[in-house]
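For reference, coords_11.txt is printed below; it contains compact mmCIF, C-alpha atoms.
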# COMPACT_ATOMS: atom_id res chain seq x y z
CA MET Z 52 33.49 73.60 -70.21
CA LYS Z 53 30.86 70.89 -70.60
CA LEU Z 54 30.47 68.12 -68.05
CA ARG Z 55 30.09 64.65 -69.54
CA VAL Z 56 27.09 62.75 -68.19
CA GLY Z 57 26.28 59.07 -67.91
CA VAL Z 58 22.61 58.30 -67.30
CA ILE Z 59 21.37 55.24 -65.42
CA GLY Z 60 17.66 54.82 -66.17
CA THR Z 61 15.95 56.28 -69.24
CA GLY Z 62 12.29 56.01 -68.17
CA LEU Z 63 9.70 58.70 -67.54
CA ALA Z 64 11.73 60.67 -64.99
CA TRP Z 65 14.54 60.97 -67.53
CA GLU Z 66 12.23 61.77 -70.45
CA ARG Z 67 9.98 64.32 -68.75
CA LEU Z 68 12.04 65.80 -65.93
CA HIS Z 69 15.81 65.54 -66.31
CA TYR Z 70 16.27 65.45 -70.09
CA PRO Z 71 14.41 68.76 -70.73
CA ALA Z 72 16.61 70.44 -68.10
CA PHE Z 73 19.76 68.99 -69.68
CA GLN Z 74 18.58 70.33 -73.06
CA GLU Z 75 18.20 73.79 -71.59
CA LEU Z 76 21.70 73.53 -70.15
CA SER Z 77 23.29 72.08 -73.27
CA ASP Z 78 26.09 74.64 -73.00
CA LYS Z 79 27.09 73.05 -69.68
CA TYR Z 80 26.35 69.32 -70.05
CA VAL Z 81 26.67 66.69 -72.75
CA ILE Z 82 25.09 63.23 -72.50
CA THR Z 83 27.85 60.73 -73.23
CA ALA Z 84 26.50 57.34 -72.14
CA LEU Z 85 23.16 55.72 -71.29
CA CYS Z 86 22.13 52.65 -69.34
CA ASP Z 87 18.75 50.97 -68.96
CA VAL Z 88 17.61 47.42 -68.27
CA ASP Z 89 15.35 47.84 -71.32
CA ARG Z 90 17.87 47.67 -74.17
CA GLY Z 91 15.38 48.87 -76.75
CA ARG Z 92 14.53 51.98 -74.77
CA ALA Z 93 18.18 52.78 -74.14
CA GLU Z 94 19.06 52.33 -77.82
CA SER Z 95 16.15 54.55 -78.86
CA TRP Z 96 17.47 57.32 -76.65
CA GLY Z 97 21.00 56.66 -77.87
CA ARG Z 98 19.96 57.22 -81.48
CA ARG Z 99 17.99 60.31 -80.50
CA LEU Z 100 21.08 61.78 -78.81
CA GLY Z 101 23.45 60.77 -81.60
CA LEU Z 102 25.36 58.22 -79.53
CA ASN Z 103 27.03 55.06 -80.75
CA ILE Z 104 24.61 52.37 -79.57
CA HIS Z 105 27.36 49.73 -79.51
CA ARG Z 106 29.85 51.81 -77.52
CA ASP Z 107 27.73 54.25 -75.50
CA VAL Z 108 24.57 52.30 -74.60
CA PHE Z 109 24.50 49.74 -71.75
CA THR Z 110 22.11 47.46 -69.89
CA ASP Z 111 24.58 46.87 -67.03
CA PHE Z 112 25.35 50.02 -65.06
CA TYR Z 113 28.63 48.50 -63.82
CA ALA Z 114 29.84 48.57 -67.44
CA LEU Z 115 28.84 52.21 -67.75
CA LEU Z 116 30.78 53.07 -64.59
CA GLU Z 117 33.94 51.68 -66.18
CA ARG Z 118 33.90 54.54 -68.66
CA GLY Z 119 36.76 56.88 -67.84
CA ASP Z 120 35.32 59.86 -69.71
CA LEU Z 121 32.34 60.59 -67.44
CA ASP Z 122 32.19 63.52 -65.02
CA VAL Z 123 28.63 63.08 -63.71
CA ILE Z 124 26.33 60.10 -63.17
CA ASP Z 125 22.59 60.78 -63.19
CA ILE Z 126 20.71 57.98 -61.38
CA LEU Z 127 17.00 57.58 -62.22
CA VAL Z 128 15.94 54.15 -61.01
CA PRO Z 129 13.01 52.81 -58.95
CA ILE Z 130 13.06 53.86 -55.28
CA SER Z 131 14.08 50.40 -54.08
CA GLU Z 132 17.23 50.68 -56.24
CA ASN Z 133 18.33 54.20 -55.22
CA HIS Z 134 20.53 53.05 -52.35
CA PRO Z 135 22.21 49.98 -53.90
CA VAL Z 136 22.92 51.75 -57.21
CA GLY Z 137 23.91 54.98 -55.46
CA GLU Z 138 26.29 53.04 -53.22
CA GLU Z 139 28.15 51.53 -56.17
CA VAL Z 140 28.35 54.83 -58.01
CA ALA Z 141 29.80 56.49 -54.89
CA LYS Z 142 32.88 54.28 -55.14
CA THR Z 143 33.81 55.85 -58.49
CA GLY Z 144 34.28 59.29 -56.94
CA LYS Z 145 32.31 60.90 -59.77
CA ALA Z 146 29.76 63.65 -59.18
CA VAL Z 147 26.29 62.20 -58.73
CA ILE Z 148 22.68 63.23 -59.17
CA LEU Z 149 20.54 60.80 -57.16
CA GLU Z 150 16.77 60.92 -57.25
CA LYS Z 151 14.82 61.23 -54.03
CA PRO Z 152 14.37 59.47 -51.70
CA MET Z 153 17.98 58.31 -51.42
CA GLY Z 154 16.84 55.13 -49.69
CA ALA Z 155 13.71 53.03 -49.35
CA THR Z 156 14.06 53.17 -45.55
CA VAL Z 157 15.67 55.50 -43.03
CA GLU Z 158 18.36 52.84 -42.54
CA GLN Z 159 19.17 52.85 -46.26
CA ALA Z 160 19.16 56.64 -46.37
CA LEU Z 161 21.65 56.76 -43.50
CA ALA Z 162 23.84 54.21 -45.31
CA THR Z 163 23.74 56.32 -48.49
CA LYS Z 164 24.74 59.40 -46.52
CA ARG Z 165 27.63 57.59 -44.84
CA ILE Z 166 29.08 56.07 -47.98
CA TYR Z 167 29.25 59.44 -49.72
CA GLU Z 168 30.91 60.89 -46.65
CA ARG Z 169 33.42 58.06 -46.87
CA TYR Z 170 34.27 58.43 -50.57
CA GLY Z 171 33.96 62.20 -50.65
CA GLY Z 172 32.30 62.59 -54.05
CA LYS Z 173 29.91 65.44 -54.77
CA ILE Z 174 26.32 64.27 -54.59
CA LEU Z 175 23.12 66.20 -55.19
CA ILE Z 176 19.77 64.72 -54.16
CA ALA Z 177 17.22 65.66 -56.81
CA GLU Z 178 14.50 67.06 -54.54
CA ASN Z 179 13.05 69.54 -57.01
CA TYR Z 180 10.68 71.19 -54.49
CA ARG Z 181 13.69 72.49 -52.58
CA TYR Z 182 15.04 73.95 -55.82
CA SER Z 183 11.73 75.35 -57.06
CA GLU Z 184 11.15 79.08 -57.40
CA GLU Z 185 7.87 79.06 -55.50
CA PHE Z 186 9.06 77.42 -52.29
CA ASN Z 187 12.23 79.48 -52.17
CA LEU Z 188 10.26 82.68 -52.75
CA ILE Z 189 7.92 81.77 -49.89
CA LYS Z 190 10.92 80.90 -47.72
CA ASN Z 191 12.34 84.37 -48.37
CA LEU Z 192 8.99 86.05 -47.72
CA VAL Z 193 8.72 84.26 -44.38
CA GLN Z 194 12.31 84.99 -43.37
CA ASP Z 195 11.93 88.65 -44.35
CA LYS Z 196 8.67 88.84 -42.37
CA ARG Z 197 6.85 90.37 -45.33
CA VAL Z 198 3.58 90.01 -43.42
CA GLY Z 199 5.07 89.62 -39.96
CA SER Z 200 6.31 86.55 -38.14
CA PRO Z 201 4.79 83.20 -39.19
CA VAL Z 202 2.37 81.60 -36.76
CA PHE Z 203 0.91 78.52 -38.45
CA PHE Z 204 0.27 76.94 -41.84
CA ILE Z 205 -2.15 74.70 -43.68
CA TYR Z 206 -0.85 72.61 -46.56
CA HIS Z 207 -3.30 70.34 -48.34
CA SER Z 208 -2.43 68.34 -51.45
CA THR Z 209 -4.75 66.11 -53.43
CA SER Z 210 -4.00 63.83 -56.36
CA CYS Z 211 -5.86 60.93 -57.90
CA PHE Z 212 -3.35 58.13 -58.29
CA PRO Z 213 -6.03 55.58 -59.34
CA CYS Z 214 -7.29 57.97 -62.04
CA ALA Z 215 -3.84 58.09 -63.64
CA MET Z 216 -2.92 54.41 -63.42
CA THR Z 217 -4.10 53.58 -66.95
CA LYS Z 218 -2.77 56.75 -68.57
CA ASP Z 219 0.68 57.77 -69.80
CA THR Z 220 1.78 58.95 -66.37
CA PHE Z 221 4.15 58.10 -63.54
CA SER Z 222 1.24 56.32 -61.83
CA ALA Z 223 1.15 53.78 -64.65
CA THR Z 224 4.53 52.31 -63.75
CA GLU Z 225 4.34 48.85 -62.23
CA TRP Z 226 6.80 49.53 -59.40
CA ARG Z 227 4.71 52.50 -58.24
CA GLN Z 228 1.42 50.62 -58.44
CA HIS Z 229 2.85 47.71 -56.44
CA PRO Z 230 5.77 49.22 -54.49
CA ASN Z 231 8.18 47.02 -52.56
CA TYR Z 232 9.12 49.82 -50.16
CA PRO Z 233 7.24 51.23 -47.13
CA GLY Z 234 4.81 54.09 -47.61
CA GLY Z 235 4.19 53.72 -51.32
CA ASP Z 236 3.02 57.01 -52.83
CA ILE Z 237 3.57 58.81 -49.53
CA LEU Z 238 7.31 58.13 -49.78
CA ASP Z 239 7.35 58.74 -53.52
CA ALA Z 240 5.15 61.85 -53.87
CA ALA Z 241 4.14 63.33 -50.51
CA ILE Z 242 7.83 63.64 -49.65
CA HIS Z 243 8.02 66.52 -52.17
CA LYS Z 244 5.41 68.52 -50.27
CA LEU Z 245 7.07 67.81 -46.94
CA ALA Z 246 10.43 68.88 -48.38
CA GLY Z 247 8.79 72.11 -49.52
CA ILE Z 248 7.49 73.08 -46.09
CA ARG Z 249 10.72 71.95 -44.41
CA ASN Z 250 12.56 74.23 -46.82
CA ILE Z 251 10.41 77.11 -45.58
CA PHE Z 252 10.34 76.41 -41.84
CA GLY Z 253 13.39 74.22 -41.13
CA ASP Z 254 13.72 71.26 -38.77
CA ILE Z 255 10.70 69.57 -37.21
CA GLU Z 256 10.54 69.01 -33.46
CA HIS Z 257 7.73 66.46 -33.49
CA LEU Z 258 4.48 65.51 -35.20
CA GLN Z 259 1.32 63.49 -34.71
CA ALA Z 260 -0.39 61.88 -37.67
CA TYR Z 261 -3.51 59.93 -38.61
CA GLY Z 262 -4.32 57.91 -41.70
CA VAL Z 263 -7.26 56.28 -43.45
CA ARG Z 264 -6.19 52.70 -44.16
CA GLN Z 265 -6.87 51.24 -47.62
CA ASP Z 266 -6.17 47.94 -49.39
CA ASP Z 267 -4.73 49.43 -52.59
CA ASP Z 268 -1.04 48.63 -53.05
CA PHE Z 269 0.03 52.09 -54.26
CA SER Z 270 -0.37 53.56 -50.78
CA PRO Z 271 -1.14 52.08 -47.35
CA TYR Z 272 -3.40 55.07 -46.65
CA ALA Z 273 -6.01 56.77 -48.81
CA ALA Z 274 -5.36 59.97 -46.85
CA VAL Z 275 -2.97 61.15 -44.16
CA THR Z 276 -2.97 64.23 -42.00
CA ALA Z 277 -0.23 65.38 -39.64
CA ASN Z 278 -0.02 68.11 -37.02
CA ILE Z 279 3.56 69.40 -37.10
CA LYS Z 280 5.61 71.57 -34.74
CA PHE Z 281 8.83 73.09 -36.04
CA PHE Z 282 11.74 74.06 -33.80
CA ASN Z 283 11.18 77.71 -34.70
CA GLY Z 284 7.76 77.54 -32.99
CA VAL Z 285 5.62 77.44 -36.15
CA ILE Z 286 2.85 74.84 -36.06
CA GLY Z 287 0.63 73.58 -38.82
CA GLU Z 288 -1.33 70.86 -40.55
CA PHE Z 289 -0.17 68.86 -43.53
CA SER Z 290 -2.64 66.62 -45.33
CA TYR Z 291 -2.20 64.44 -48.39
CA TYR Z 292 -5.01 62.70 -50.27
CA PRO Z 293 -3.64 60.54 -53.11
CA ALA Z 294 -6.90 58.69 -53.78
CA GLY Z 295 -9.29 61.44 -54.82
CA ARG Z 296 -9.88 64.82 -56.42
CA GLU Z 297 -10.28 68.41 -55.32
CA VAL Z 298 -12.54 70.04 -57.91
CA GLN Z 299 -13.54 73.38 -56.40
CA LYS Z 300 -11.23 76.38 -56.71
CA PRO Z 301 -9.58 78.13 -55.07
CA LEU Z 302 -7.78 75.09 -53.74
CA VAL Z 303 -6.69 74.94 -50.13
CA GLY Z 304 -3.07 74.70 -51.26
CA LEU Z 305 -0.43 76.14 -48.94
CA ARG Z 306 -1.45 78.96 -46.62
CA VAL Z 307 1.06 80.53 -44.25
CA PHE Z 308 -0.65 82.64 -41.62
CA CYS Z 309 1.52 85.42 -40.19
CA GLN Z 310 0.98 88.13 -37.61
CA GLU Z 311 0.24 90.76 -40.26
CA GLY Z 312 -1.29 88.73 -43.07
CA MET Z 313 -1.19 85.51 -45.10
CA ILE Z 314 0.89 84.02 -47.89
CA TYR Z 315 -1.04 81.75 -50.27
CA LEU Z 316 0.13 79.29 -52.95
CA GLU Z 317 -2.76 77.63 -54.76
CA ASP Z 318 -0.56 74.95 -56.34
CA THR Z 319 2.91 74.57 -57.84
CA ASN Z 320 1.68 75.19 -61.39
CA CYS Z 321 -0.36 78.38 -60.87
CA GLY Z 322 2.58 80.77 -61.33
CA ILE Z 323 1.46 83.24 -58.65
CA ILE Z 324 2.04 83.61 -54.92
CA ASN Z 325 -0.58 85.79 -53.26
CA ILE Z 326 0.31 87.97 -50.27
CA PHE Z 327 -2.61 89.32 -48.26
CA HIS Z 328 -2.08 92.06 -45.66
CA ASN Z 329 -4.37 92.43 -42.65
CA ASN Z 330 -4.88 96.11 -43.56
CA GLY Z 331 -6.53 95.05 -46.83
CA GLY Z 332 -3.48 95.24 -49.05
CA HIS Z 333 -2.79 92.56 -51.64
CA GLU Z 334 0.37 91.70 -53.57
CA GLN Z 335 1.21 89.04 -56.13
CA VAL Z 336 4.62 87.53 -56.78
CA ASN Z 337 5.10 85.65 -60.05
CA PHE Z 338 7.14 82.48 -60.37
CA ARG Z 339 8.02 80.06 -63.16
CA PRO Z 340 6.63 76.58 -62.45
CA GLY Z 341 8.79 73.50 -62.80
CA ARG Z 342 12.17 75.21 -62.52
CA GLY Z 343 13.45 72.84 -59.85
CA TYR Z 344 15.06 70.45 -62.31
CA TYR Z 345 16.94 73.22 -64.12
CA ASN Z 346 18.11 74.72 -60.82
CA GLU Z 347 19.32 71.31 -59.61
CA LEU Z 348 21.55 70.80 -62.63
CA LEU Z 349 22.84 74.36 -62.52
CA ASN Z 350 23.73 73.94 -58.84
CA LEU Z 351 25.65 70.72 -59.52
CA TYR Z 352 27.52 72.26 -62.46
CA ASN Z 353 28.62 75.18 -60.33
CA ALA Z 354 29.49 72.84 -57.47
CA VAL Z 355 31.75 70.68 -59.65
CA LEU Z 356 33.56 73.52 -61.39
CA TYR Z 357 33.39 76.39 -58.92
CA ASN Z 358 32.84 74.70 -55.52
CA GLU Z 359 29.39 76.24 -55.06
CA PRO Z 360 27.69 74.59 -52.07
CA ILE Z 361 25.21 71.87 -52.99
CA LEU Z 362 21.81 72.88 -51.65
CA VAL Z 363 20.26 69.43 -51.22
CA THR Z 364 22.84 67.15 -49.69
CA PRO Z 365 22.20 63.69 -48.19
CA GLU Z 366 22.03 65.39 -44.77
CA VAL Z 367 19.20 67.65 -45.97
CA GLU Z 368 17.37 64.81 -47.71
CA LEU Z 369 17.64 62.61 -44.63
CA GLY Z 370 15.37 65.01 -42.73
CA ASP Z 371 12.72 64.78 -45.45
CA ILE Z 372 12.81 60.99 -45.39
CA LYS Z 373 12.66 60.90 -41.59
CA THR Z 374 9.54 63.07 -41.74
CA VAL Z 375 7.76 60.57 -44.00
CA PHE Z 376 8.62 57.68 -41.70
CA ALA Z 377 7.70 59.70 -38.62
CA ILE Z 378 4.23 60.15 -40.14
CA LEU Z 379 3.95 56.42 -40.82
CA GLN Z 380 5.21 55.62 -37.31
CA SER Z 381 2.82 58.06 -35.66
CA ILE Z 382 -0.16 56.60 -37.52
CA LYS Z 383 0.87 53.07 -36.55
CA ASP Z 384 1.55 53.78 -32.88
CA GLU Z 385 -1.04 56.57 -32.41
CA GLU Z 386 1.63 58.63 -30.68
CA ILE Z 387 3.61 61.85 -31.07
CA VAL Z 388 6.93 61.16 -32.80
CA LYS Z 389 10.12 63.22 -32.65
CA VAL Z 390 11.69 63.91 -36.04
CA ASP Z 391 14.93 65.92 -36.20
CA ARG Z 392 17.89 66.20 -33.83
CA VAL Z 393 17.47 62.72 -32.38
CA LYS Z 394 20.25 60.13 -32.27
CA GLU Z 395 18.12 57.11 -33.00
CA TYR Z 396 15.04 56.60 -35.07
CA ALA Z 397 12.48 53.81 -34.98
CA LEU Z 398 11.97 52.13 -38.34
CA VAL Z 399 8.49 51.23 -39.50

Target format structure tokens, applied to this file:
Amino acid sequence: MKLRVGVIGTGLAWERLHYPAFQELSDKYVITALCDVDRGRAESWGRRLGLNIHRDVFTDFYALLERGDLDVIDILVPISENHPVGEEVAKTGKAVILEKPMGATVEQALATKRIYERYGGKILIAENYRYSEEFNLIKNLVQDKRVGSPVFFIYHSTSCFPCAMTKDTFSATEWRQHPNYPGGDILDAAIHKLAGIRNIFGDIEHLQAYGVRQDDDFSPYAAVTANIKFFNGVIGEFSYYPAGREVQKPLVGLRVFCQEGMIYLEDTNCGIINIFHNNGGHEQVNFRPGRGYYNELLNLYNAVLYNEPILVTPEVELGDIKTVFAILQSIKDEEIVKVDRVKEYALV
């Protein structure tokens, strides 16, 4: 059985991330309707997919939601629109794929979580790092104590947002260059990395962060670094530098130091996880990069038809969002900030 999909937003995320995964799962999904504020772009995709541009292509997502033949709604809109659009889609009771973060603030994220609890529809938050092969392999290696119990980690990620602003990239989009939501690129991109390490180590007890302030709109900080303590006792340092380059290899990447060795991921595209043993032994585990999008859609398909548990629920995503805002809060207040398992949370 194929699930019929309506897509809200046919920009870069649709073209380069979701659409290729839907193609690969064409035996399970069929794209039935499209919506985009840019009529020309939506019609172009409609023709490409063989849709009737007068019947199946919309500029108003409310009109798309009136279609009675849709099983799944895939929402790919700017971050500031995730909550308001997601809230309206929730009322239809249809299964939903909602891009991360599910709100532009912790308050919005909580509201998104509550409305889906109220209406009871199946919703998957498209946090691809939690669905990726590499982070789940590392999670299993840590849980299985392949090189002993984990002690601490270093995770350093560098990207050059300014370098990509004039190219055919996500950085070239106006709403990312001049975001109207807190955190800018930290909420948009660094959240992936934080979701990855949270997937490995679980809930965070508290953190303390520092940032280098900049005037560029795309991010309030040229670099951030955070010391993090997880409830399982693991500690570590996360750093994110969206305004520069790291040119010398091997990259710092993600290093998990354990009692009997180290697990090392250079980056998410390298295809290899290195395992170093203190006795001199060395192993390599291969992974396929970029499989998060495929795994997301497969999980939702199985959830809709066979009641498979959804791996990234609003509850899971809420922790990732709270971590981003805890970093921003800690930088602002120059204090240690609690993250998970707290009843209230200060908004930046």

I'd like the contact shell of Gly312 of chain Z - 12 Å cut-off, all atoms listed in the file, skipping same-chain residues fewer than 5 positions apart - returned as a ChimeraX atom specification. /Z:192-193,196-204,306-307,325-334

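Between Leu369 of chain Z and the residues Z:Leu85, Z:Leu68, Z:Ala246, Z:Ala146, the shortest atom-to-atom distance, using all atoms listed in the file, involves Z:Ala246.
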
For Gly234 of chain Z, which residue among Z:Val375, Z:Glu132, Z:Ala114, Z:Asp267 is the nearest when counting all atoms listed in the file?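 Smallest separation from Gly234 of chain Z among the options: Z:Val375.
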
Calculate how many Å separate atom CA of Ser183 of chain Z from atom CA of Gly247 of chain Z, rounding to one decimal. 8.7 Å

Counting only C-alpha atoms, which residue out of Z:Asn320, Z:Gly144, Z:Gly253, Z:Ser270 sits closest to Gly284 of chain Z?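 Among the listed residues, Z:Gly253 lies closest to Gly284 of chain Z.
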
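The neighbours of Gly322 of chain Z here are the residues that come within 9 Å of it, using only C-alpha atoms and leaving out any residue fewer than 6 positions away in the same chain; they are Z:Glu185, Z:Leu316, Z:Val336, Z:Asn337, Z:Phe338, Z:Arg339, Z:Pro340.
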
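Between atom CA of Ile124 of chain Z and atom CA of Arg249 of chain Z the separation is 27.1 Å.
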
Could the residues of segment 208-314 of chain Z that have an atom at most 12 Å from segment 58-65 of chain Z be listed as a Markdown table, each with its closest atom pair and the distance in Å to one decimal, counting all atoms listed in the file and ordered by chain and ascending residue number?
| residue | atom | partner | partner_atom | distance |
| --- | --- | --- | --- | --- |
| Z:Asp219 | CA | Z:Leu63 | CA | 9.3 |
| Z:Thr220 | CA | Z:Leu63 | CA | 8.0 |
| Z:Phe221 | CA | Z:Leu63 | CA | 6.9 |
| Z:Ser222 | CA | Z:Leu63 | CA | 10.5 |
| Z:Ala223 | CA | Z:Leu63 | CA | 10.3 |
| Z:Thr224 | CA | Z:Leu63 | CA | 9.1 |

List the spatial neighbours of Val157 of chain Z as a ChimeraX atom specification - criterion: any atom at most 12 Å away, all atoms listed in the file, same-chain residues fewer than 4 positions off excluded. /Z:134,152-153,161-164,232-234,238,365-366,368-377,379-380,390,395-399

Each side padded by 3 Å, which centre and which edge lengths in Å (one decimal) define the axis-aligned box around the listed atoms of segment 103-117 of chain Z? Give them as lines of an AutoDock Vina configuration file.
center_x = 28.0
center_y = 51.0
center_z = -72.3
size_x = 17.8
size_y = 14.2
size_z = 22.9

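Between atom CA of His69 of chain Z and atom CA of Pro129 of chain Z lies a distance of 15.0 Å.
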
Which of these, Z:Gly295, Z:Gly287, Z:Pro271, Z:Gly57, has the shortest distance to Asn231 of chain Z once you count all atoms listed in the file?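 Nearest to Asn231 of chain Z: Z:Pro271.
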
Given all atoms listed in the file as the basis, pick out the residue of Z:Lys300, Z:Ala274, Z:Arg118, Z:Glu386 nearest to Arg106 of chain Z. Z:Arg118

Using all atoms listed in the file, which residues sit within 7 Å of Lys53 of chain Z once same-chain residues fewer than 4 positions away are excluded, as a PyMOL selection string? chain Z and resi 78-81
